[in-house]
>>> print(open('work-v3.txt').read())   # compact mmCIF, N, CA and C atoms and all ligand atoms
# COMPACT_ATOMS: atom_id res chain seq x y z
N MET A 745 0.85 -1.20 0.00
CA MET A 745 0.00 0.00 0.00
C MET A 745 0.88 1.25 0.00
N LYS A 746 0.41 2.26 -0.72
CA LYS A 746 1.17 3.51 -0.76
C LYS A 746 0.25 4.70 -0.45
N LEU A 747 0.71 5.60 0.42
CA LEU A 747 -0.05 6.81 0.75
C LEU A 747 0.70 8.05 0.30
N LEU A 748 -0.05 9.05 -0.14
CA LEU A 748 0.52 10.35 -0.48
C LEU A 748 0.12 11.34 0.62
N ILE A 749 1.12 12.04 1.16
CA ILE A 749 0.86 13.09 2.16
C ILE A 749 1.03 14.41 1.44
N LEU A 750 -0.08 15.07 1.19
CA LEU A 750 -0.10 16.27 0.36
C LEU A 750 -0.32 17.51 1.24
N ASN A 751 0.56 18.49 1.09
CA ASN A 751 0.43 19.72 1.87
C ASN A 751 0.36 20.92 0.94
N GLY A 752 -0.56 21.82 1.26
CA GLY A 752 -0.80 22.98 0.42
C GLY A 752 -0.10 24.24 0.91
N PRO A 753 -0.65 25.40 0.57
CA PRO A 753 0.04 26.68 0.76
C PRO A 753 0.39 27.00 2.21
N ASN A 754 1.58 27.53 2.36
CA ASN A 754 2.13 28.04 3.63
C ASN A 754 2.52 26.95 4.61
N LEU A 755 2.28 25.69 4.27
CA LEU A 755 2.67 24.63 5.22
C LEU A 755 4.19 24.41 5.19
N ASN A 756 4.85 24.90 4.15
CA ASN A 756 6.33 24.91 4.14
C ASN A 756 6.87 25.88 5.21
N MET A 757 6.01 26.74 5.75
CA MET A 757 6.44 27.73 6.75
C MET A 757 6.23 27.24 8.18
N LEU A 758 5.79 25.99 8.33
CA LEU A 758 5.58 25.46 9.70
C LEU A 758 6.85 25.63 10.52
N GLY A 759 6.66 25.99 11.80
CA GLY A 759 7.81 26.22 12.67
C GLY A 759 8.09 27.72 12.81
N LYS A 760 7.93 28.44 11.68
CA LYS A 760 8.14 29.90 11.70
C LYS A 760 6.80 30.61 11.75
N ARG A 761 5.79 29.97 11.20
CA ARG A 761 4.50 30.60 10.97
C ARG A 761 3.59 30.46 12.19
N GLU A 762 3.14 31.58 12.75
CA GLU A 762 2.18 31.59 13.86
C GLU A 762 2.36 30.38 14.80
N PRO A 763 3.51 30.29 15.48
CA PRO A 763 3.78 29.11 16.32
C PRO A 763 2.77 28.92 17.44
N GLU A 764 2.10 30.02 17.84
CA GLU A 764 1.09 29.89 18.91
C GLU A 764 -0.12 29.09 18.42
N ILE A 765 -0.30 29.02 17.09
CA ILE A 765 -1.41 28.21 16.53
C ILE A 765 -0.91 26.87 16.02
N TYR A 766 0.21 26.90 15.28
CA TYR A 766 0.64 25.69 14.58
C TYR A 766 1.81 24.96 15.25
N GLY A 767 2.33 25.55 16.34
CA GLY A 767 3.44 24.91 17.05
C GLY A 767 4.79 25.25 16.44
N LYS A 768 5.82 24.67 17.03
CA LYS A 768 7.19 25.02 16.62
C LYS A 768 7.81 23.98 15.69
N ASN A 769 7.09 22.89 15.45
CA ASN A 769 7.65 21.86 14.58
C ASN A 769 7.59 22.29 13.11
N THR A 770 8.55 21.81 12.35
CA THR A 770 8.64 22.16 10.92
C THR A 770 7.93 21.08 10.08
N LEU A 771 7.79 21.38 8.79
CA LEU A 771 7.19 20.38 7.88
C LEU A 771 8.06 19.13 7.83
N ASN A 772 9.39 19.33 7.96
CA ASN A 772 10.29 18.18 7.99
C ASN A 772 10.01 17.28 9.19
N ASP A 773 9.66 17.90 10.32
CA ASP A 773 9.29 17.10 11.51
C ASP A 773 8.03 16.28 11.22
N VAL A 774 7.08 16.88 10.49
CA VAL A 774 5.86 16.13 10.10
C VAL A 774 6.26 14.93 9.25
N LEU A 775 7.14 15.20 8.27
CA LEU A 775 7.54 14.12 7.34
C LEU A 775 8.20 12.98 8.11
N ASN A 776 9.11 13.34 9.05
CA ASN A 776 9.81 12.29 9.81
C ASN A 776 8.83 11.47 10.65
N LEU A 777 7.91 12.18 11.31
CA LEU A 777 6.92 11.50 12.17
C LEU A 777 6.06 10.54 11.34
N VAL A 778 5.57 11.04 10.20
CA VAL A 778 4.67 10.22 9.37
C VAL A 778 5.44 9.07 8.73
N GLU A 779 6.67 9.35 8.32
CA GLU A 779 7.48 8.29 7.69
C GLU A 779 7.70 7.14 8.66
N GLU A 780 8.04 7.50 9.91
CA GLU A 780 8.29 6.47 10.93
C GLU A 780 7.01 5.65 11.17
N TYR A 781 5.87 6.35 11.22
CA TYR A 781 4.60 5.66 11.45
C TYR A 781 4.26 4.74 10.27
N CYS A 782 4.46 5.24 9.05
CA CYS A 782 4.16 4.43 7.87
C CYS A 782 5.08 3.21 7.80
N ASN A 783 6.34 3.40 8.17
CA ASN A 783 7.27 2.26 8.20
C ASN A 783 6.76 1.18 9.14
N SER A 784 6.23 1.63 10.29
CA SER A 784 5.75 0.65 11.28
C SER A 784 4.52 -0.11 10.74
N LEU A 785 3.82 0.51 9.78
CA LEU A 785 2.65 -0.16 9.17
C LEU A 785 3.04 -0.94 7.91
N ASN A 786 4.34 -0.82 7.55
CA ASN A 786 4.81 -1.46 6.32
C ASN A 786 4.14 -0.84 5.08
N CYS A 787 4.00 0.43 5.11
CA CYS A 787 3.23 1.14 4.09
C CYS A 787 4.17 2.16 3.41
N ASP A 788 4.17 2.22 2.09
CA ASP A 788 5.00 3.20 1.39
C ASP A 788 4.37 4.58 1.50
N VAL A 789 5.23 5.60 1.49
CA VAL A 789 4.70 6.95 1.64
C VAL A 789 5.47 7.92 0.75
N GLU A 790 4.73 8.88 0.19
CA GLU A 790 5.35 9.94 -0.61
C GLU A 790 4.86 11.27 -0.06
N PHE A 791 5.73 12.27 -0.06
CA PHE A 791 5.37 13.60 0.44
C PHE A 791 5.45 14.61 -0.69
N TYR A 792 4.50 15.53 -0.69
CA TYR A 792 4.54 16.62 -1.69
C TYR A 792 3.91 17.86 -1.08
N GLN A 793 4.60 18.99 -1.25
CA GLN A 793 4.05 20.28 -0.79
C GLN A 793 4.12 21.26 -1.93
N SER A 794 3.06 22.06 -2.09
CA SER A 794 3.11 23.15 -3.07
C SER A 794 2.26 24.31 -2.57
N ASN A 795 2.70 25.50 -2.93
CA ASN A 795 1.91 26.70 -2.63
C ASN A 795 0.94 27.01 -3.76
N HIS A 796 0.91 26.16 -4.80
CA HIS A 796 0.17 26.48 -6.02
C HIS A 796 -0.99 25.49 -6.24
N GLU A 797 -2.16 26.05 -6.42
CA GLU A 797 -3.38 25.25 -6.55
C GLU A 797 -3.27 24.23 -7.70
N GLY A 798 -2.79 24.69 -8.87
CA GLY A 798 -2.70 23.82 -10.04
C GLY A 798 -1.76 22.64 -9.81
N ASP A 799 -0.65 22.89 -9.10
CA ASP A 799 0.28 21.79 -8.80
C ASP A 799 -0.40 20.73 -7.94
N LEU A 800 -1.21 21.19 -6.99
CA LEU A 800 -1.90 20.24 -6.10
C LEU A 800 -2.92 19.43 -6.89
N ILE A 801 -3.61 20.10 -7.82
CA ILE A 801 -4.58 19.41 -8.68
C ILE A 801 -3.87 18.36 -9.54
N ASP A 802 -2.74 18.75 -10.15
CA ASP A 802 -1.97 17.80 -10.98
C ASP A 802 -1.58 16.58 -10.16
N LYS A 803 -1.14 16.82 -8.93
CA LYS A 803 -0.68 15.71 -8.08
C LYS A 803 -1.84 14.77 -7.76
N ILE A 804 -3.00 15.33 -7.44
CA ILE A 804 -4.17 14.49 -7.13
C ILE A 804 -4.54 13.66 -8.35
N GLN A 805 -4.50 14.28 -9.54
CA GLN A 805 -4.89 13.56 -10.76
C GLN A 805 -3.90 12.47 -11.13
N MET A 806 -2.61 12.70 -10.85
CA MET A 806 -1.58 11.80 -11.40
C MET A 806 -1.00 10.80 -10.40
N THR A 807 -1.40 10.91 -9.13
CA THR A 807 -0.76 10.05 -8.13
C THR A 807 -1.04 8.56 -8.37
N ASP A 808 -0.04 7.76 -8.01
CA ASP A 808 -0.25 6.31 -8.05
C ASP A 808 -0.49 5.76 -6.63
N ALA A 809 -0.70 6.67 -5.67
CA ALA A 809 -0.94 6.24 -4.29
C ALA A 809 -2.35 5.64 -4.17
N ASP A 810 -2.53 4.80 -3.14
CA ASP A 810 -3.84 4.20 -2.89
C ASP A 810 -4.76 5.14 -2.12
N GLY A 811 -4.16 6.12 -1.43
CA GLY A 811 -4.95 7.08 -0.66
C GLY A 811 -4.14 8.33 -0.40
N ILE A 812 -4.83 9.42 -0.10
CA ILE A 812 -4.17 10.72 0.09
C ILE A 812 -4.59 11.32 1.43
N VAL A 813 -3.61 11.78 2.20
CA VAL A 813 -3.86 12.61 3.38
C VAL A 813 -3.54 14.04 2.96
N PHE A 814 -4.53 14.92 3.04
CA PHE A 814 -4.40 16.23 2.40
C PHE A 814 -4.66 17.37 3.38
N ASN A 815 -3.63 18.17 3.63
CA ASN A 815 -3.81 19.44 4.32
C ASN A 815 -3.74 20.52 3.25
N ALA A 816 -4.88 21.02 2.83
CA ALA A 816 -4.94 21.99 1.74
C ALA A 816 -4.75 23.42 2.22
N GLY A 817 -4.45 23.60 3.54
CA GLY A 817 -4.27 24.95 4.06
C GLY A 817 -5.50 25.79 3.75
N ALA A 818 -5.27 27.05 3.41
CA ALA A 818 -6.39 27.98 3.18
C ALA A 818 -7.24 27.60 1.96
N TYR A 819 -6.67 26.83 1.02
CA TYR A 819 -7.47 26.40 -0.13
C TYR A 819 -8.66 25.54 0.29
N THR A 820 -8.55 24.92 1.48
CA THR A 820 -9.66 24.14 2.02
C THR A 820 -10.97 24.94 1.97
N HIS A 821 -10.83 26.21 2.32
CA HIS A 821 -12.02 27.04 2.52
C HIS A 821 -12.48 27.76 1.26
N THR A 822 -11.68 27.68 0.19
CA THR A 822 -11.97 28.50 -1.00
C THR A 822 -12.05 27.73 -2.32
N SER A 823 -11.40 26.55 -2.39
CA SER A 823 -11.11 26.02 -3.73
C SER A 823 -12.13 24.99 -4.25
N VAL A 824 -12.97 25.46 -5.15
CA VAL A 824 -13.88 24.56 -5.87
C VAL A 824 -13.05 23.65 -6.78
N ALA A 825 -11.95 24.18 -7.31
CA ALA A 825 -11.11 23.39 -8.23
C ALA A 825 -10.48 22.19 -7.53
N LEU A 826 -10.04 22.37 -6.29
CA LEU A 826 -9.47 21.22 -5.56
C LEU A 826 -10.57 20.22 -5.19
N ARG A 827 -11.71 20.74 -4.82
CA ARG A 827 -12.84 19.83 -4.53
C ARG A 827 -13.18 19.00 -5.77
N ASP A 828 -13.22 19.66 -6.94
CA ASP A 828 -13.53 18.93 -8.17
C ASP A 828 -12.45 17.91 -8.51
N ALA A 829 -11.19 18.25 -8.20
CA ALA A 829 -10.09 17.30 -8.45
C ALA A 829 -10.28 16.05 -7.60
N ILE A 830 -10.67 16.25 -6.34
CA ILE A 830 -10.89 15.10 -5.44
C ILE A 830 -12.07 14.26 -5.96
N SER A 831 -13.12 14.95 -6.41
CA SER A 831 -14.29 14.23 -6.94
C SER A 831 -13.98 13.47 -8.22
N SER A 832 -12.96 13.96 -8.96
CA SER A 832 -12.66 13.39 -10.28
C SER A 832 -11.91 12.07 -10.22
N VAL A 833 -11.32 11.77 -9.05
CA VAL A 833 -10.50 10.55 -8.95
C VAL A 833 -11.16 9.58 -7.97
N LYS A 834 -10.75 8.32 -8.08
CA LYS A 834 -11.31 7.30 -7.18
C LYS A 834 -10.51 7.22 -5.87
N THR A 835 -9.30 7.80 -5.88
CA THR A 835 -8.41 7.72 -4.71
C THR A 835 -9.07 8.39 -3.50
N PRO A 836 -9.25 7.67 -2.38
CA PRO A 836 -9.85 8.30 -1.22
C PRO A 836 -8.91 9.35 -0.60
N VAL A 837 -9.52 10.44 -0.14
CA VAL A 837 -8.75 11.56 0.44
C VAL A 837 -9.25 11.82 1.86
N VAL A 838 -8.32 11.95 2.80
CA VAL A 838 -8.67 12.37 4.15
C VAL A 838 -8.18 13.81 4.34
N GLU A 839 -9.11 14.69 4.70
CA GLU A 839 -8.76 16.10 4.96
C GLU A 839 -8.16 16.21 6.35
N VAL A 840 -7.06 16.94 6.46
CA VAL A 840 -6.39 17.06 7.76
C VAL A 840 -6.01 18.51 8.03
N HIS A 841 -6.11 18.89 9.31
CA HIS A 841 -5.65 20.20 9.76
C HIS A 841 -4.94 20.06 11.09
N ILE A 842 -3.90 20.86 11.25
CA ILE A 842 -3.15 20.87 12.51
C ILE A 842 -4.00 21.52 13.61
N SER A 843 -4.60 22.65 13.27
CA SER A 843 -5.41 23.40 14.25
C SER A 843 -6.86 22.91 14.19
N ASN A 844 -7.63 23.27 15.22
CA ASN A 844 -9.07 22.99 15.19
C ASN A 844 -9.74 24.14 14.43
N VAL A 845 -9.97 23.93 13.15
CA VAL A 845 -10.51 24.99 12.30
C VAL A 845 -11.89 25.46 12.78
N HIS A 846 -12.61 24.59 13.49
CA HIS A 846 -13.97 24.94 13.93
C HIS A 846 -13.98 25.86 15.14
N SER A 847 -12.83 25.99 15.82
CA SER A 847 -12.77 26.89 16.97
C SER A 847 -12.10 28.22 16.59
N ARG A 848 -11.86 28.41 15.29
CA ARG A 848 -11.16 29.62 14.84
C ARG A 848 -12.13 30.55 14.10
N GLU A 849 -11.62 31.43 13.26
CA GLU A 849 -12.48 32.40 12.55
C GLU A 849 -13.58 31.66 11.77
N GLU A 850 -14.69 32.35 11.59
CA GLU A 850 -15.84 31.71 10.94
C GLU A 850 -15.51 31.22 9.52
N PHE A 851 -14.66 31.97 8.80
CA PHE A 851 -14.38 31.55 7.41
C PHE A 851 -13.65 30.22 7.35
N ARG A 852 -13.07 29.79 8.50
CA ARG A 852 -12.39 28.48 8.50
C ARG A 852 -13.34 27.33 8.84
N HIS A 853 -14.58 27.66 9.20
CA HIS A 853 -15.53 26.61 9.58
C HIS A 853 -16.03 25.84 8.36
N LYS A 854 -15.97 26.51 7.19
CA LYS A 854 -16.49 25.90 5.97
C LYS A 854 -15.34 25.22 5.20
N SER A 855 -15.52 23.96 4.87
CA SER A 855 -14.57 23.27 4.02
C SER A 855 -15.25 22.94 2.69
N MET A 856 -14.63 23.42 1.60
CA MET A 856 -15.17 23.08 0.28
C MET A 856 -14.99 21.59 0.01
N MET A 857 -13.94 21.02 0.64
CA MET A 857 -13.54 19.65 0.29
C MET A 857 -14.24 18.57 1.13
N ALA A 858 -14.62 18.92 2.35
CA ALA A 858 -15.09 17.89 3.30
C ALA A 858 -16.17 16.97 2.71
N PRO A 859 -17.16 17.51 1.96
CA PRO A 859 -18.22 16.62 1.46
C PRO A 859 -17.73 15.56 0.48
N VAL A 860 -16.55 15.77 -0.14
CA VAL A 860 -16.08 14.78 -1.12
C VAL A 860 -14.87 13.99 -0.57
N CYS A 861 -14.58 14.19 0.72
CA CYS A 861 -13.49 13.44 1.34
C CYS A 861 -14.05 12.25 2.13
N LEU A 862 -13.17 11.29 2.38
CA LEU A 862 -13.55 10.14 3.20
C LEU A 862 -13.87 10.60 4.62
N GLY A 863 -13.06 11.53 5.14
CA GLY A 863 -13.27 12.04 6.49
C GLY A 863 -12.39 13.24 6.72
N GLN A 864 -12.55 13.82 7.91
CA GLN A 864 -11.78 15.02 8.27
C GLN A 864 -11.22 14.85 9.67
N ILE A 865 -9.94 15.19 9.84
CA ILE A 865 -9.32 15.17 11.18
C ILE A 865 -8.73 16.56 11.41
N CYS A 866 -9.00 17.16 12.56
CA CYS A 866 -8.38 18.46 12.85
C CYS A 866 -8.20 18.63 14.34
N GLY A 867 -7.24 19.50 14.68
CA GLY A 867 -7.11 19.95 16.07
C GLY A 867 -6.13 19.19 16.93
N PHE A 868 -5.43 18.22 16.37
CA PHE A 868 -4.52 17.39 17.17
C PHE A 868 -3.04 17.72 16.92
N GLY A 869 -2.78 18.90 16.37
CA GLY A 869 -1.39 19.24 16.06
C GLY A 869 -0.83 18.28 15.03
N LEU A 870 0.45 17.96 15.15
CA LEU A 870 1.06 17.05 14.17
C LEU A 870 0.40 15.68 14.19
N ASP A 871 -0.14 15.31 15.35
CA ASP A 871 -0.80 14.00 15.45
C ASP A 871 -2.03 13.90 14.55
N SER A 872 -2.55 15.03 14.07
CA SER A 872 -3.66 14.96 13.10
C SER A 872 -3.25 14.11 11.90
N TYR A 873 -1.99 14.25 11.47
CA TYR A 873 -1.51 13.47 10.31
C TYR A 873 -1.49 11.98 10.63
N ILE A 874 -1.04 11.65 11.86
CA ILE A 874 -0.94 10.24 12.26
C ILE A 874 -2.35 9.62 12.32
N LEU A 875 -3.29 10.38 12.89
CA LEU A 875 -4.66 9.88 13.00
C LEU A 875 -5.28 9.69 11.62
N ALA A 876 -4.96 10.62 10.71
CA ALA A 876 -5.48 10.51 9.33
C ALA A 876 -4.88 9.31 8.62
N VAL A 877 -3.57 9.12 8.77
CA VAL A 877 -2.91 7.95 8.16
C VAL A 877 -3.53 6.67 8.71
N ASN A 878 -3.75 6.64 10.02
CA ASN A 878 -4.32 5.45 10.64
C ASN A 878 -5.71 5.14 10.08
N GLY A 879 -6.55 6.16 9.99
CA GLY A 879 -7.92 5.97 9.47
C GLY A 879 -7.91 5.51 8.03
N LEU A 880 -7.05 6.14 7.22
CA LEU A 880 -6.97 5.80 5.80
C LEU A 880 -6.40 4.40 5.62
N TYR A 881 -5.37 4.08 6.39
CA TYR A 881 -4.74 2.76 6.30
C TYR A 881 -5.75 1.66 6.65
N ARG A 882 -6.52 1.88 7.70
CA ARG A 882 -7.51 0.88 8.12
C ARG A 882 -8.63 0.76 7.08
N PHE A 883 -9.02 1.89 6.50
CA PHE A 883 -10.05 1.87 5.44
C PHE A 883 -9.55 1.08 4.23
N LEU A 884 -8.31 1.40 3.81
CA LEU A 884 -7.76 0.77 2.60
C LEU A 884 -7.43 -0.71 2.82
N SER A 885 -7.10 -1.06 4.05
CA SER A 885 -6.71 -2.44 4.34
C SER A 885 -7.83 -3.41 4.04
N LYS A 886 -9.04 -2.87 3.97
CA LYS A 886 -10.18 -3.75 3.68
C LYS A 886 -10.14 -4.28 2.26
N ASP A 887 -9.51 -3.51 1.30
CA ASP A 887 -9.44 -4.04 -0.07
C ASP A 887 -8.08 -4.00 -0.72
N VAL A 888 -7.13 -3.21 -0.20
CA VAL A 888 -5.79 -3.14 -0.83
C VAL A 888 -4.79 -3.75 0.14
N LYS A 889 -3.86 -4.54 -0.38
CA LYS A 889 -2.82 -5.10 0.49
C LYS A 889 -1.52 -4.37 0.27
C1 LIG A 901 -4.68 24.65 8.42
C2 LIG A 901 -5.93 25.48 8.76
C3 LIG A 901 -6.27 26.43 7.64
O1 LIG A 901 -7.41 27.20 7.98
C4 LIG A 901 -5.11 27.38 7.38
O2 LIG A 901 -5.41 28.24 6.31
C5 LIG A 901 -3.82 26.66 7.19
C6 LIG A 901 -3.50 25.54 8.06
C7 LIG A 901 -4.24 23.74 9.57
O3 LIG A 901 -3.48 22.81 9.33
O4 LIG A 901 -4.65 23.96 10.74
O5 LIG A 901 -3.01 27.04 6.34
O6 LIG A 901 -4.98 23.81 7.30
>>> encode(input="work-v3.txt", output="structure tokens", more="lines below")
Ligand code: DQA
Amino acid sequence: MKLLILNGPNLNMLGKREPEIYGKNTLNDVLNLVEEYCNSLNCDVEFYQSNHEGDLIDKIQMTDADGIVFNAGAYTHTSVALRDAISSVKTPVVEVHISNVHSREEFRHKSMMAPVCLGQICGFGLDSYILAVNGLYRFLSKDVK
């Protein structure tokens, strides 16, 4: 089984960006944590980050992964194009956020993507990624080895 961990705009700034909300860990720390967890599951993993909507759409369309864990950053709340990309493929996508978007500004309460995702995890810091990988792995284990 192979999972794609997809990160959108400004997530390359983790560690420097609003540490009171997102913590002091960097995107590299996320990658190391997730890689170690995927290794323990015997699951292949690929990481991709882009600040550009079109790049993220291309990646969703072209991935050979069995499932995607996706932190779309602010595009979560605005992008019909990313929602349509998720709808266009059979690959299941789990939406993930480091912060609890529902306890923040009202514009973060709405996710364009949530209705076309397998599920949504938010508010657990970096562990949101681990919980998302776990949910996706267990879902996929039912039909993919
Ligand atoms: C975020 C939440 C979004 O609202 C925000 O725009 C981000 C990060 C999170 O991981 O908590 O860029 O996706």
>>> axis_aligned_box(input="work-v3.txt", around="segment 758-762 of chain A", padding_each_side="8 Å", output="AutoDock Vina command-line options")
--center_x 5.2 --center_y 28.5 --center_z 11.6 --size_x 22.0 --size_y 22.1 --size_z 22.5
>>> closest_atom_pairs(input="work-v3.txt", of="chain A", to="ligand LIG 901 (chain A)", cutoff="6 Å", atoms="only C-alpha atoms and all ligand atoms", output="tab-separated table")
residue	atom	partner	partner_atom	distance
A:Asn754	CA	A:LIG901	O5	5.9
A:Asn815	CA	A:LIG901	O6	5.4
A:Ala816	CA	A:LIG901	O6	5.9
A:Gly817	CA	A:LIG901	O5	3.3
A:Ala818	CA	A:LIG901	O2	3.3
A:His841	CA	A:LIG901	O3	3.4
A:Ile842	CA	A:LIG901	O3	3.7
A:Ser843	CA	A:LIG901	O4	3.6
A:Val845	CA	A:LIG901	O1	5.8
A:Arg852	CA	A:LIG901	O1	5.2
>>> closest_residue(input="work-v3.txt", among="A:Cys861, A:Gly879, A:Ser847, A:Leu755", to="Ser831 of chain A", atoms="only N, CA and C atoms")
A:Cys861
>>> select_by_dssp(input="work-v3.txt", residues="segment 755-840 of chain A", states="helix (DSSP H, G or I)", output="short mmCIF file (atom, residue, chain, number, x, y, z; two decimals) with N, CA and C atoms, keeping the file's coordinate frame")
data_model
loop_
_atom_site.label_atom_id
_atom_site.label_comp_id
_atom_site.auth_asym_id
_atom_site.auth_seq_id
_atom_site.Cartn_x
_atom_site.Cartn_y
_atom_site.Cartn_z
N LEU A 755 2.28 25.69 4.27
CA LEU A 755 2.67 24.63 5.22
C LEU A 755 4.19 24.41 5.19
N ASN A 756 4.85 24.90 4.15
CA ASN A 756 6.33 24.91 4.14
C ASN A 756 6.87 25.88 5.21
N MET A 757 6.01 26.74 5.75
CA MET A 757 6.44 27.73 6.75
C MET A 757 6.23 27.24 8.18
N PRO A 763 3.51 30.29 15.48
CA PRO A 763 3.78 29.11 16.32
C PRO A 763 2.77 28.92 17.44
N GLU A 764 2.10 30.02 17.84
CA GLU A 764 1.09 29.89 18.91
C GLU A 764 -0.12 29.09 18.42
N ILE A 765 -0.30 29.02 17.09
CA ILE A 765 -1.41 28.21 16.53
C ILE A 765 -0.91 26.87 16.02
N TYR A 766 0.21 26.90 15.28
CA TYR A 766 0.64 25.69 14.58
C TYR A 766 1.81 24.96 15.25
N LEU A 771 7.79 21.38 8.79
CA LEU A 771 7.19 20.38 7.88
C LEU A 771 8.06 19.13 7.83
N ASN A 772 9.39 19.33 7.96
CA ASN A 772 10.29 18.18 7.99
C ASN A 772 10.01 17.28 9.19
N ASP A 773 9.66 17.90 10.32
CA ASP A 773 9.29 17.10 11.51
C ASP A 773 8.03 16.28 11.22
N VAL A 774 7.08 16.88 10.49
CA VAL A 774 5.86 16.13 10.10
C VAL A 774 6.26 14.93 9.25
N LEU A 775 7.14 15.20 8.27
CA LEU A 775 7.54 14.12 7.34
C LEU A 775 8.20 12.98 8.11
N ASN A 776 9.11 13.34 9.05
CA ASN A 776 9.81 12.29 9.81
C ASN A 776 8.83 11.47 10.65
N LEU A 777 7.91 12.18 11.31
CA LEU A 777 6.92 11.50 12.17
C LEU A 777 6.06 10.54 11.34
N VAL A 778 5.57 11.04 10.20
CA VAL A 778 4.67 10.22 9.37
C VAL A 778 5.44 9.07 8.73
N GLU A 779 6.67 9.35 8.32
CA GLU A 779 7.48 8.29 7.69
C GLU A 779 7.70 7.14 8.66
N GLU A 780 8.04 7.50 9.91
CA GLU A 780 8.29 6.47 10.93
C GLU A 780 7.01 5.65 11.17
N TYR A 781 5.87 6.35 11.22
CA TYR A 781 4.60 5.66 11.45
C TYR A 781 4.26 4.74 10.27
N CYS A 782 4.46 5.24 9.05
CA CYS A 782 4.16 4.43 7.87
C CYS A 782 5.08 3.21 7.80
N ASN A 783 6.34 3.40 8.17
CA ASN A 783 7.27 2.26 8.20
C ASN A 783 6.76 1.18 9.14
N SER A 784 6.23 1.63 10.29
CA SER A 784 5.75 0.65 11.28
C SER A 784 4.52 -0.11 10.74
N LEU A 785 3.82 0.51 9.78
CA LEU A 785 2.65 -0.16 9.17
C LEU A 785 3.04 -0.94 7.91
N GLU A 797 -2.16 26.05 -6.42
CA GLU A 797 -3.38 25.25 -6.55
C GLU A 797 -3.27 24.23 -7.70
N GLY A 798 -2.79 24.69 -8.87
CA GLY A 798 -2.70 23.82 -10.04
C GLY A 798 -1.76 22.64 -9.81
N ASP A 799 -0.65 22.89 -9.10
CA ASP A 799 0.28 21.79 -8.80
C ASP A 799 -0.40 20.73 -7.94
N LEU A 800 -1.21 21.19 -6.99
CA LEU A 800 -1.90 20.24 -6.10
C LEU A 800 -2.92 19.43 -6.89
N ILE A 801 -3.61 20.10 -7.82
CA ILE A 801 -4.58 19.41 -8.68
C ILE A 801 -3.87 18.36 -9.54
N ASP A 802 -2.74 18.75 -10.15
CA ASP A 802 -1.97 17.80 -10.98
C ASP A 802 -1.58 16.58 -10.16
N LYS A 803 -1.14 16.82 -8.93
CA LYS A 803 -0.68 15.71 -8.08
C LYS A 803 -1.84 14.77 -7.76
N ILE A 804 -3.00 15.33 -7.44
CA ILE A 804 -4.17 14.49 -7.13
C ILE A 804 -4.54 13.66 -8.35
N GLN A 805 -4.50 14.28 -9.54
CA GLN A 805 -4.89 13.56 -10.76
C GLN A 805 -3.90 12.47 -11.13
N MET A 806 -2.61 12.70 -10.85
CA MET A 806 -1.58 11.80 -11.40
C MET A 806 -1.00 10.80 -10.40
N GLY A 817 -4.45 23.60 3.54
CA GLY A 817 -4.27 24.95 4.06
C GLY A 817 -5.50 25.79 3.75
N ALA A 818 -5.27 27.05 3.41
CA ALA A 818 -6.39 27.98 3.18
C ALA A 818 -7.24 27.60 1.96
N TYR A 819 -6.67 26.83 1.02
CA TYR A 819 -7.47 26.40 -0.13
C TYR A 819 -8.66 25.54 0.29
N THR A 820 -8.55 24.92 1.48
CA THR A 820 -9.66 24.14 2.02
C THR A 820 -10.97 24.94 1.97
N HIS A 821 -10.83 26.21 2.32
CA HIS A 821 -12.02 27.04 2.52
C HIS A 821 -12.48 27.76 1.26
N VAL A 824 -12.97 25.46 -5.15
CA VAL A 824 -13.88 24.56 -5.87
C VAL A 824 -13.05 23.65 -6.78
N ALA A 825 -11.95 24.18 -7.31
CA ALA A 825 -11.11 23.39 -8.23
C ALA A 825 -10.48 22.19 -7.53
N LEU A 826 -10.04 22.37 -6.29
CA LEU A 826 -9.47 21.22 -5.56
C LEU A 826 -10.57 20.22 -5.19
N ARG A 827 -11.71 20.74 -4.82
CA ARG A 827 -12.84 19.83 -4.53
C ARG A 827 -13.18 19.00 -5.77
N ASP A 828 -13.22 19.66 -6.94
CA ASP A 828 -13.53 18.93 -8.17
C ASP A 828 -12.45 17.91 -8.51
N ALA A 829 -11.19 18.25 -8.20
CA ALA A 829 -10.09 17.30 -8.45
C ALA A 829 -10.28 16.05 -7.60
N ILE A 830 -10.67 16.25 -6.34
CA ILE A 830 -10.89 15.10 -5.44
C ILE A 830 -12.07 14.26 -5.96
N SER A 831 -13.12 14.95 -6.41
CA SER A 831 -14.29 14.23 -6.94
C SER A 831 -13.98 13.47 -8.22
N SER A 832 -12.96 13.96 -8.96
CA SER A 832 -12.66 13.39 -10.28
C SER A 832 -11.91 12.07 -10.22
#
>>> atom_distance(input="work-v3.txt", atom1="atom CA of His796 of chain A", atom2="atom CA of Gly752 of chain A")
7.4 Å
>>> residues_around(input="work-v3.txt", residues="Leu747 of chain A", least_positions_apart="5", cutoff="8 Å", atoms="all atoms listed in the file", output="ChimeraX atom specification")
/A:787-791,808-813
>>> atom_distance(input="work-v3.txt", atom1="atom CA of Ala858 of chain A", atom2="atom CA of Ser784 of chain A")
28.2 Å
>>> residues_around(input="work-v3.txt", residues="Ile830 of chain A", least_positions_apart="2", cutoff="8 Å", atoms="only N, CA and C atoms", output="PyMOL selection string")
chain A and resi 801+804-805+824-828+832-837+857+860-861
>>> atom_distance(input="work-v3.txt", atom1="atom C of Leu750 of chain A", atom2="atom CA of Gly767 of chain A")
17.9 Å
>>> select_by_dssp(input="work-v3.txt", residues="segment 783-878 of chain A", states="strand (DSSP E or B)", output="list in words")
Asp788, Val789, Glu790, Phe791, Tyr792, Gln793, Gly811, Ile812, Val813, Phe814, Asn815, Val837, Val838, Glu839, Val840, His841, Gly863, Gln864, Ile865 and Cys866 of chain A
>>> residues_around(input="work-v3.txt", residues="Lys760 of chain A", least_positions_apart="3", cutoff="6.5 Å", atoms="only N, CA and C atoms", output="list in words")
Met757, Pro763, Lys768, Asn769 and Thr770 of chain A
>>> closest_residue(input="work-v3.txt", among="A:Phe851, A:Asn795, A:Glu779, A:Cys866", to="Asn756 of chain A", atoms="all atoms listed in the file")
A:Asn795
